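Q: Below is a structure I'd like to ask you about.
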Amino acid sequence: MRLPHLSPFRNQPLLFVTTCTMGRRPILAAKEIHVALKSIWKKSGSVDQWFVGRYVIMPDHVHLFAKPGFEAKSLADWMKAWKSISARRIAAMFGIKPPVWQSDYFDHFVRSAPAYADKWEYVRQNPVRKRLCLQPDDWAFQGTLHELPFD
């Protein structure tokens, strides 16, 4: 039985989010950080009710697509939570003095399937445009944690 005031998960908004390191420090393109962020984002579905789909980790910023679950924290609270956890891990791993992340972020509702496809193509080409690799699939710091189709 569905409660009439709750929409199905697939009808929750798909968001595109970008956040940067403090001072745009190029510290994120490392295997250990990729593993740490993936671990945090995988757990955020059960802990915070935020599900990360596709993502690209650049040296000084992160792009990701995410959807909230039924009882999700606010976007602001979720961003604060995963940034805090990851900042502690990054600081411990690499001896980086906090803050690791800028407190703000850019978020945008994805409004159509073509817009989603266009935004994803733009994001996956980012490492190529920055001359970090020759082909998008060569960039090691990207992936998909949950399939988040646009409905």
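Residues in the structure tokens are named by chain (A, B, ... in the order shown) and by number from 1 within that chain; ligands are numbered from 1 in the order shown.
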Give me, as a Markdown table, the closest atom pair and its distance (Å, one decimal) for every residue of region 70-146 of chain A within a cut-off of 6 Å of region 21-31 of chain A, counting only C-alpha atoms, rows sorted by chain and rising number.
A:
```
| residue | atom | partner | partner_atom | distance |
| --- | --- | --- | --- | --- |
| A:Val100 | CA | A:Met22 | CA | 5.5 |
| A:Trp101 | CA | A:Thr21 | CA | 4.2 |
| A:Gln102 | CA | A:Met22 | CA | 4.6 |
```
Q: Export, as a PDB file, in the first residue's frame, the selected residues with N, CA and C atoms.
A:
```pdb
ATOM      1  N   VAL A 100      39.103  20.983   3.770  1.00  0.00           N
ATOM      2  CA  VAL A 100      39.370  20.322   2.499  1.00  0.00           C
ATOM      3  C   VAL A 100      38.422  20.848   1.420  1.00  0.00           C
ATOM      4  N   TRP A 101      37.151  21.041   1.788  1.00  0.00           N
ATOM      5  CA  TRP A 101      36.115  21.434   0.825  1.00  0.00           C
ATOM      6  C   TRP A 101      35.656  22.869   1.039  1.00  0.00           C
ATOM      7  N   GLN A 102      35.257  23.514  -0.040  1.00  0.00           N
ATOM      8  CA  GLN A 102      34.519  24.763   0.082  1.00  0.00           C
ATOM      9  C   GLN A 102      33.156  24.414   0.685  1.00  0.00           C
TER      10      GLN A 102
END
```
Q: Report as an MDAnalysis selection string: the residues of chain A with a DSSP assignment of strand (DSSP E or B), based on the backbone of this structure.
A: chainID A and resid 15:21 50:57 61:68 101 106:109 142:144
Q: Tell me which of A:Ser74, A:Ser44, A:Ser84, A:Thr18 sits closest to Asp60 (chain A), counting only C-alpha atoms.
A: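 Nearest to Asp60 (chain A): A:Thr18.
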